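**Student:** Got a structure here, written out as structure tokens. Questions coming.
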Amino acid sequence: MITAMGKPEAEAASSYLVQQDWAAYTAEQHGIWAELVRRRMPELREHACAEYLAGFEAIGLQEDSIPNLTEISQRLEPRTGWNSTPVSGFLPPAAFFEMLAGRRFPTTTWLRGRESLEYIPQPDIFHDVFGHVPMHAHPVFADFLQQYGKVCAALHDKDALERMGRLFWFTVEFGVIRQGGQIKLYGSGLISSPGESQHVLRALNGSGPEIRDFNLDQVLNQKFLVSEMQKVLYAVDSFEQIYDAAREAERRL
Ligand SMILES: [Fe+2]
């Protein structure tokens with residue numbers, strides 16, 4: 001369905017949309033956010049890609065308080081047309097892809113407790129906003145993610161969707177990029193998780209995962225386990241490469 005604004009109506013996603021009750025977060029929760037940010041920033045200032053760090057500033061993320069998604073979106077939308085839309089939790093694939101295709105990033109509003117600062121099995125607002133959203137301020141990455149959603153929304157074949165899931169995994173979640181002769185992090189799983197990123201950074205002295213040049217065919221065929229540290233990652237030289245890969249995937253699948 002197309003609305004009067006000309007944007008596709010989010011139909012499959014509509015029952016998952018919620019409001020973020022920002023005033024309901026407690027001082028303790030803002031304190032947990034601050035602690036999570038404080039633990040990640042020294043490493044990220046050195047090892048995150050330039051676009052992530054620029055995006056962090058651009059969307060107005062605060063180091064000491066949980067982000068207000070309305071305010072984040074007000075800063076993000078004029079840049080790339082993306083927003084950060086509050087959702088109740090994991091979305092089924094059709095709803096997820098539909099939202100990405102409409103430049104709406106499904107964003108959880110709950111925050112992990114102090115007992116699980118290092119690891120949570122499901123994404124929370126720290127993973128979603130701190131890990132993902134700064135990259136959405138970068139025009140090429142923003143176009144890539146929309147293109148990715150558009151391709152997947154049109155796919156119904158289970159194998160093709162599994163292959164596209166690998167493209168998401170090795171870019172959006174665990175992507176790395178070469179900048180200034182170094183491997184820099186841009187995937188949200190690396191940005192938001194100290195264990196995963198330190199594992200990758202060990203690759204710099206030869207004991208971490210194998211880092212290969214990004215290659216669409218290899219990525220589409222590369223199986224992975226969610227429950228293990230990554231054994232292989234794919235490095236791009238520019239974000240145009242993943243945008244082109246998403247276009248190529250559309251032609252092939
Ligand atoms: Fe994620």
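Residues are referred to by chain and number: the chain letter is A, B, ... according to the order shown in the structure tokens, the number counts from 1 in that chain, and ligands are numbered separately from 1 in the order shown.
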Residues within 7 Å of stretch 214-227 of chain A, please, as number ranges by chain. Count only C-alpha atoms; anything in the same chain fewer than 6 positions from it doesn't count.

**Tutor:** A: 163-164, 166-167, 234-236, 245

**Student:** Could you pull out the strand (DSSP E) residues of stretch 2-169 of chain A from DSSP and send them as a list in words?

**Tutor:** Asn83, Ser84, Thr85, Pro86, Val87, Arg104, Phe105, Pro106, Thr107 and Thr108 of chain A

**Student:** Counting only C-alpha atoms, what is within 12 Å of stretch 18-35 of chain A, bar same-chain residues fewer than 3 positions away, as a PyMOL selection string?

**Tutor:** chain A and resi 13-15+38-41+61-71+84-89+106-118+124-127+129-130+192

**Student:** Would you please give, as a ChimeraX atom specification, all residues of stretch 9-206 of chain A that DSSP assigns to alpha helix (DSSP H) based on the backbone?

**Tutor:** /A:27-47,50-58,69-80,93-101,125,139-153,158-168,188-192,194-201

**Student:** List the neighbours of A:Ala12 out to 8 Å using only C-alpha atoms; skip same-chain residues closer than 3 positions along the sequence, and give me the result as a list in words.

**Tutor:**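 What passes the distance filter is Ser15, Ala94, Ala95 and Glu98 of chain A.
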
**Student:** For chain A versus ligand 1, which residues have an atom no more than 7 Å away, and what is each residue's nearest atom pair and distance in Å rounded to one decimal, using only C-alpha atoms and all ligand atoms, chain-then-number order, as JSON lines?

**Tutor:**
```
{"residue": "A:Pro123", "atom": "CA", "partner": "ligand 1", "partner_atom_place_in_ligand_line": "1 (Fe)", "distance": 6.5}
{"residue": "A:His127", "atom": "CA", "partner": "ligand 1", "partner_atom_place_in_ligand_line": "1 (Fe)", "distance": 6.3}
{"residue": "A:Asp128", "atom": "CA", "partner": "ligand 1", "partner_atom_place_in_ligand_line": "1 (Fe)", "distance": 6.0}
{"residue": "A:His132", "atom": "CA", "partner": "ligand 1", "partner_atom_place_in_ligand_line": "1 (Fe)", "distance": 6.5}
{"residue": "A:Glu173", "atom": "CA", "partner": "ligand 1", "partner_atom_place_in_ligand_line": "1 (Fe)", "distance": 5.5}
{"residue": "A:Ser188", "atom": "CA", "partner": "ligand 1", "partner_atom_place_in_ligand_line": "1 (Fe)", "distance": 5.6}
{"residue": "A:Gly189", "atom": "CA", "partner": "ligand 1", "partner_atom_place_in_ligand_line": "1 (Fe)", "distance": 6.1}
```

**Student:** For the residues selected in the previous step, produce a file with N, CA and C atoms as a PDB file, in the first residue's frame.

**Tutor:**
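part.pdb written:
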```pdb
ATOM      1  N   PRO A 123      19.120  -8.315  20.953  1.00  0.00           N
ATOM      2  CA  PRO A 123      19.510  -6.901  20.909  1.00  0.00           C
ATOM      3  C   PRO A 123      18.701  -6.032  21.871  1.00  0.00           C
ATOM      4  N   HIS A 127      22.787  -2.116  21.876  1.00  0.00           N
ATOM      5  CA  HIS A 127      23.227  -2.729  20.613  1.00  0.00           C
ATOM      6  C   HIS A 127      22.628  -1.976  19.423  1.00  0.00           C
ATOM      7  N   ASP A 128      21.328  -1.720  19.471  1.00  0.00           N
ATOM      8  CA  ASP A 128      20.656  -1.142  18.308  1.00  0.00           C
ATOM      9  C   ASP A 128      21.083   0.296  18.016  1.00  0.00           C
ATOM     10  N   HIS A 132      24.362   0.274  15.895  1.00  0.00           N
ATOM     11  CA  HIS A 132      23.942   0.389  14.490  1.00  0.00           C
ATOM     12  C   HIS A 132      23.779   1.823  13.984  1.00  0.00           C
ATOM     13  N   GLU A 173      26.494  -6.513  10.756  1.00  0.00           N
ATOM     14  CA  GLU A 173      26.793  -6.963  12.117  1.00  0.00           C
ATOM     15  C   GLU A 173      28.296  -7.106  12.398  1.00  0.00           C
ATOM     16  N   SER A 188      27.880  -3.605  13.816  1.00  0.00           N
ATOM     17  CA  SER A 188      27.309  -3.301  15.145  1.00  0.00           C
ATOM     18  C   SER A 188      27.692  -4.328  16.212  1.00  0.00           C
ATOM     19  N   GLY A 189      27.862  -5.587  15.808  1.00  0.00           N
ATOM     20  CA  GLY A 189      28.246  -6.608  16.774  1.00  0.00           C
ATOM     21  C   GLY A 189      29.655  -6.369  17.308  1.00  0.00           C
TER      22      GLY A 189
END
```
